[in-house]
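Participant: My file is work-v3.cif. It has mmCIF, C-alpha atoms:
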data_structure
loop_
_atom_site.label_atom_id
_atom_site.label_comp_id
_atom_site.auth_asym_id
_atom_site.auth_seq_id
_atom_site.Cartn_x
_atom_site.Cartn_y
_atom_site.Cartn_z
CA MET A 802 60.72 -9.11 -62.78
CA ALA A 803 60.23 -8.85 -66.55
CA GLU A 804 59.05 -5.57 -68.05
CA GLN A 805 55.40 -5.86 -69.02
CA GLU A 806 53.35 -3.59 -71.19
CA PRO A 807 49.90 -2.84 -69.80
CA GLU A 808 46.94 -4.21 -71.70
CA THR A 809 44.89 -1.55 -73.43
CA ASP A 810 41.45 -2.34 -74.79
CA ASP A 811 40.14 1.06 -75.74
CA GLY A 812 42.61 3.44 -74.11
CA VAL A 813 45.58 5.20 -75.61
CA GLN A 814 49.08 4.20 -74.55
CA LEU A 815 51.52 7.04 -74.05
CA ASP A 816 55.22 6.10 -74.19
CA LEU A 817 57.44 8.71 -72.50
CA ILE A 818 60.97 7.96 -73.68
CA SER A 819 63.93 9.46 -71.81
CA ALA A 820 66.96 10.98 -73.52
CA GLU A 821 69.05 8.41 -71.66
CA ARG A 822 67.23 5.52 -73.34
CA MET A 823 67.83 7.00 -76.80
CA GLU A 824 71.42 8.24 -76.41
CA ASN A 825 73.23 5.02 -77.41
CA LYS A 826 70.91 4.07 -80.27
CA THR A 827 71.74 4.58 -83.92
CA SER A 828 69.43 6.79 -85.96
CA MET A 829 67.76 3.76 -87.55
CA GLU A 830 67.28 2.08 -84.15
CA LYS A 831 65.54 5.23 -82.89
CA ILE A 832 63.34 5.42 -85.99
CA ARG A 833 62.43 1.73 -85.81
CA MET A 834 61.58 1.97 -82.09
CA ILE A 835 59.35 5.00 -82.72
CA LEU A 836 57.59 3.49 -85.74
CA ASP A 837 57.04 0.13 -84.02
CA SER A 838 55.25 1.92 -81.17
CA VAL A 839 53.23 4.12 -83.51
CA HIS A 840 52.26 1.06 -85.63
CA ASP A 841 50.83 -0.38 -82.38
CA GLY A 842 48.70 2.76 -82.00
CA ASP A 843 50.80 4.31 -79.23
CA ILE A 844 51.67 7.97 -78.79
CA VAL A 845 55.43 8.50 -78.34
CA VAL A 846 56.84 11.44 -76.40
CA LEU A 847 60.59 11.91 -76.65
CA GLU A 848 62.27 13.87 -73.85
CA GLN A 849 64.95 14.90 -76.32
CA GLY A 850 63.78 14.94 -79.92
CA LEU A 851 65.49 13.80 -83.07
CA THR A 852 68.09 15.70 -85.05
CA PRO A 853 66.82 17.34 -88.26
CA ASP A 854 68.41 14.51 -90.29
CA GLU A 855 66.77 11.84 -88.10
CA GLU A 856 63.40 13.57 -88.36
CA SER A 857 63.73 13.67 -92.17
CA LYS A 858 64.64 9.98 -92.22
CA LEU A 859 61.67 9.17 -89.94
CA ILE A 860 59.32 10.86 -92.41
CA GLU A 861 61.00 9.12 -95.35
CA VAL A 862 60.69 5.66 -93.74
CA THR A 863 57.10 6.42 -92.69
CA MET A 864 56.15 7.22 -96.30
CA THR A 865 57.39 3.81 -97.44
CA GLU A 866 55.30 2.03 -94.77
CA ILE A 867 51.95 3.73 -95.38
CA ASN A 868 49.24 1.24 -96.30
CA PRO A 869 45.68 2.43 -97.10
CA ASP A 870 44.18 -0.56 -95.26
CA GLY A 871 46.46 -0.27 -92.23
CA PHE A 872 49.16 2.22 -91.27
CA THR A 873 48.10 5.76 -92.23
CA GLY A 874 51.27 7.60 -91.27
CA ILE A 875 52.34 9.80 -88.37
CA GLU A 876 51.72 13.21 -86.88
CA ILE A 877 54.79 14.85 -85.33
CA GLU A 878 55.38 18.08 -83.42
CA SER A 879 58.52 19.28 -81.61
CA PHE A 880 59.69 22.17 -79.50
CA PRO A 881 62.75 23.73 -81.08
CA ARG A 882 66.08 23.52 -79.27
CA SER A 883 67.11 26.40 -77.04
CA GLU A 884 68.32 29.52 -78.76
CA THR A 885 72.05 29.84 -78.18
CA LYS A 886 74.56 32.19 -79.68
CA GLU A 887 75.61 29.53 -82.21
CA SER A 888 72.15 28.38 -83.25
CA GLY A 889 71.53 31.11 -85.83
CA PHE A 890 72.85 31.42 -89.36
CA LEU A 891 76.49 31.31 -88.27
CA GLY A 892 75.88 28.14 -86.24
CA ARG A 893 74.26 26.44 -89.24
CA LEU A 894 77.10 27.59 -91.45
CA MET A 895 79.63 26.12 -89.00
CA GLY A 896 77.72 22.81 -88.89
CA LYS A 897 76.45 23.24 -85.33
CA ASP A 898 72.75 23.01 -86.20
CA GLU A 899 72.40 19.27 -85.60
CA ASP A 900 71.20 19.57 -82.01
CA PRO A 901 67.98 17.66 -81.54
CA ALA A 902 64.75 19.41 -80.73
CA LYS A 903 63.63 19.34 -77.11
CA LEU A 904 60.33 17.55 -76.53
CA THR A 905 58.78 15.68 -79.48
CA VAL A 906 55.32 14.08 -79.75
CA ILE A 907 54.74 11.42 -82.43
CA GLY A 908 51.58 9.41 -82.99
CA PRO A 909 49.47 7.58 -85.54
CA ALA A 910 47.79 9.94 -88.01
CA ASN A 911 44.49 8.05 -87.78
CA GLN A 912 44.27 8.58 -83.98
CA ILE A 913 45.45 12.17 -83.61
CA GLN A 914 42.54 14.43 -84.41
CA SER A 915 44.63 17.56 -83.94
CA LEU A 916 48.15 18.39 -82.81
CA HIS A 917 48.76 22.01 -81.88
CA LYS A 918 51.90 23.75 -80.66
CA ASP A 919 52.56 27.19 -79.31
CA GLU A 920 55.69 28.53 -77.58
CA THR A 921 55.29 26.48 -74.39
CA LEU A 922 52.67 23.79 -75.03
CA ILE A 923 52.05 20.87 -77.37
CA SER A 924 48.42 19.80 -77.23
CA ALA A 925 47.08 16.60 -78.82
CA LEU A 926 43.41 15.75 -79.28
CA LEU A 927 43.08 12.00 -79.74
CA LYS A 928 40.26 9.97 -81.28
CA ARG A 929 38.91 7.05 -79.29
CA LYS A 930 39.86 3.68 -80.72
#
Can the structure in the file be given as C-alpha coordinates, please?

Facilitator:
Amino acid sequence: MAEQEPETDDGVQLDLISAERMENKTSMEKIRMILDSVHDGDIVVLEQGLTPDEESKLIEVTMTEINPDGFTGIEIESFPRSETKESGFLGRLMGKDEDPAKLTVIGPANQIQSLHKDETLISALLKRK
(Lines of atoms letter the chains of each structure in order from A and count residues from 1; the text may use other names and numbers.)
(Lines give C-alpha, C1' and ligand atoms only; values in the text may rest on other atoms or scores of the structure.)
Protein backbone atom coordinates (compact mmCIF):
# COMPACT_ATOMS: atom_id res chain seq x y z
CA MET A 1 0.00 0.00 0.00
CA ALA A 2 1.39 3.41 -0.98
CA GLU A 3 2.18 5.94 1.72
CA GLN A 4 -0.51 8.62 1.78
CA GLU A 5 -0.46 11.96 3.48
CA PRO A 6 -3.70 12.80 5.28
CA GLU A 7 -5.74 15.65 3.90
CA THR A 8 -5.77 18.71 6.11
CA ASP A 9 -8.28 21.49 5.54
CA ASP A 10 -7.80 23.67 8.57
CA GLY A 11 -5.69 21.52 10.87
CA VAL A 12 -1.97 21.54 11.43
CA GLN A 13 0.11 18.60 10.24
CA LEU A 14 2.86 17.49 12.60
CA ASP A 15 5.67 15.44 11.00
CA LEU A 16 7.62 13.42 13.60
CA ILE A 17 10.83 12.35 11.85
CA SER A 18 12.93 9.56 13.35
CA ALA A 19 16.71 9.67 13.60
CA GLU A 20 16.75 6.50 11.50
CA ARG A 21 15.03 8.25 8.59
CA MET A 22 17.59 11.08 8.64
CA GLU A 23 20.80 9.11 9.26
CA ASN A 24 21.67 8.30 5.62
CA LYS A 25 20.72 11.68 4.18
CA THR A 26 23.23 14.35 3.22
CA SER A 27 22.97 17.71 4.96
CA MET A 28 21.29 19.28 1.92
CA GLU A 29 18.80 16.39 1.65
CA LYS A 30 17.85 16.93 5.30
CA ILE A 31 17.48 20.69 4.79
CA ARG A 32 15.41 20.26 1.63
CA MET A 33 13.12 17.71 3.30
CA ILE A 34 12.57 20.03 6.27
CA LEU A 35 11.97 23.13 4.15
CA ASP A 36 9.61 21.32 1.76
CA SER A 37 7.44 20.29 4.72
CA VAL A 38 7.56 23.75 6.30
CA HIS A 39 6.69 25.36 2.92
CA ASP A 40 3.56 23.16 2.99
CA GLY A 41 2.68 24.62 6.39
CA ASP A 42 3.69 21.56 8.40
CA ILE A 43 5.43 21.49 11.77
CA VAL A 44 8.52 19.24 11.73
CA VAL A 45 9.79 17.50 14.85
CA LEU A 46 13.17 15.81 14.52
CA GLU A 47 13.94 13.03 16.99
CA GLN A 48 17.63 13.85 16.59
CA GLY A 49 18.29 17.43 15.58
CA LEU A 50 20.74 18.88 13.12
CA THR A 51 24.43 19.52 13.71
CA PRO A 52 25.37 23.17 14.33
CA ASP A 53 26.66 23.41 10.73
CA GLU A 54 23.42 21.93 9.34
CA GLU A 55 21.32 24.29 11.45
CA SER A 56 23.34 27.27 10.16
CA LYS A 57 22.88 26.06 6.58
CA LEU A 58 19.13 25.60 7.17
CA ILE A 59 18.87 29.22 8.29
CA GLU A 60 21.00 30.39 5.35
CA VAL A 61 18.86 28.51 2.79
CA THR A 62 15.67 29.71 4.50
CA MET A 63 16.78 33.35 4.16
CA THR A 64 17.18 32.92 0.39
CA GLU A 65 13.65 31.48 0.08
CA ILE A 66 11.73 34.10 2.03
CA ASN A 67 9.05 35.78 -0.09
CA PRO A 68 6.87 38.57 1.37
CA ASP A 69 3.80 37.24 -0.46
CA GLY A 70 4.42 33.59 0.44
CA PHE A 71 7.05 31.89 2.58
CA THR A 72 7.79 33.98 5.69
CA GLY A 73 10.60 31.88 7.15
CA ILE A 74 10.91 29.39 9.98
CA GLU A 75 10.87 29.19 13.75
CA ILE A 76 13.25 26.64 15.25
CA GLU A 77 13.97 25.42 18.78
CA SER A 78 16.15 22.52 19.94
CA PHE A 79 17.13 20.76 23.12
CA PRO A 80 20.90 20.75 23.45
CA ARG A 81 22.77 17.46 23.28
CA SER A 82 23.58 15.67 26.52
CA GLU A 83 26.41 17.09 28.57
CA THR A 84 29.34 14.70 28.39
CA LYS A 85 32.87 15.09 29.57
CA GLU A 86 34.00 16.06 26.06
CA SER A 87 31.22 18.52 25.26
CA GLY A 88 32.77 21.52 26.98
CA PHE A 89 35.56 23.79 25.80
CA LEU A 90 38.04 20.94 25.42
CA GLY A 91 35.57 18.95 23.32
CA ARG A 92 35.01 21.91 21.01
CA LEU A 93 38.74 22.46 20.78
CA MET A 94 39.24 18.80 19.82
CA GLY A 95 36.51 19.04 17.17
CA LYS A 96 33.99 16.88 19.04
CA ASP A 97 31.24 19.50 19.19
CA GLU A 98 29.43 18.43 16.02
CA ASP A 99 26.93 16.17 17.76
CA PRO A 100 23.41 17.10 16.76
CA ALA A 101 20.96 18.51 19.23
CA LYS A 102 18.37 16.12 20.64
CA LEU A 103 14.78 17.03 19.79
CA THR A 104 14.20 19.88 17.32
CA VAL A 105 10.93 21.61 16.39
CA ILE A 106 10.76 23.57 13.11
CA GLY A 107 7.73 25.29 11.64
CA PRO A 108 6.52 28.13 9.45
CA ALA A 109 7.03 31.53 11.06
CA ASN A 110 3.56 32.71 10.01
CA GLN A 111 1.85 29.81 11.86
CA ILE A 112 3.85 29.63 15.07
CA GLN A 113 2.56 32.30 17.40
CA SER A 114 5.13 31.45 20.06
CA LEU A 115 7.81 28.82 20.58
CA HIS A 116 9.11 28.48 24.12
CA LYS A 117 11.74 26.17 25.58
CA ASP A 118 12.82 25.42 29.09
CA GLU A 119 15.08 22.62 30.36
CA THR A 120 12.63 19.78 29.66
CA LEU A 121 9.85 21.14 27.45
CA ILE A 122 9.42 22.79 24.05
CA SER A 123 5.99 24.39 23.78
CA ALA A 124 4.53 25.74 20.53
CA LEU A 125 1.42 27.89 20.25
CA LEU A 126 0.09 27.67 16.69
CA LYS A 127 -2.22 30.00 14.81
CA ARG A 128 -5.21 28.48 13.06
CA LYS A 129 -4.91 28.46 9.29

Participant: Env of Arg833 in chain A: 12 Å cut, atoms = all atoms listed in the file, seq-sep filter 6 positions within chain, self excluded. Answer as a list in words.

Facilitator: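 Near Arg833 in chain A, the qualifying residues are Met823, Lys826, Thr827, Val839, His840, Glu855, Lys858, Leu859, Ile860, Val862, Thr863 and Glu866 of chain A.
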
Participant: Using only C-alpha atoms for the distances, tell me which of A:Gly842, A:Pro869, A:Pro853, A:Pro881 is nearest to Ile907 in chain A.

Facilitator: A:Gly842

Participant: Rounded to one decimal in Å, what is the spacing between CA of Leu817 in chain A and CA of Thr905 in chain A?

Facilitator: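 Distance between the two atoms: 10.0 Å.
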
Participant: Using the chain letters and numbers from the file, give me the residues hit by the PyMOL selection byres ((chain A and resi 911-922) around 12), as JSON, numbers by chain.

Facilitator: {"A": [811, 812, 813, 814, 839, 840, 841, 842, 843, 844, 845, 867, 868, 869, 870, 871, 872, 873, 874, 875, 876, 877, 878, 879, 880, 881, 882, 883, 903, 904, 905, 906, 907, 908, 909, 910, 923, 924, 925, 926, 927, 928, 929, 930]}

Participant: Interatomic distance between CA of Glu848 in chain A and CA of Ile818 in chain A?

Facilitator: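 Interatomic distance, CA of Glu848 in chain A to CA of Ile818 in chain A: 6.1 Å.
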
Participant: Considering all atoms listed in the file, state which residue in the set A:Leu836, A:Leu847, A:Ala820, A:Met829 is at the smallest distance from Met864 in chain A.

Facilitator: A:Leu836

Participant: What's the separation between CA of Ser857 in chain A and CA of Lys831 in chain A, in Å to one decimal place?

Facilitator: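 CA of Lys831 in chain A lies at a distance of 12.7 Å from CA of Ser857 in chain A.
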
Participant: For Thr852 in chain A, which residue out of A:Ser828, A:Glu821, A:Leu815, A:Ser838 is the nearest one, using only C-alpha atoms?

Facilitator: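 Looking only at the distances to Thr852 in chain A, the closest residue turns out to be A:Ser828.
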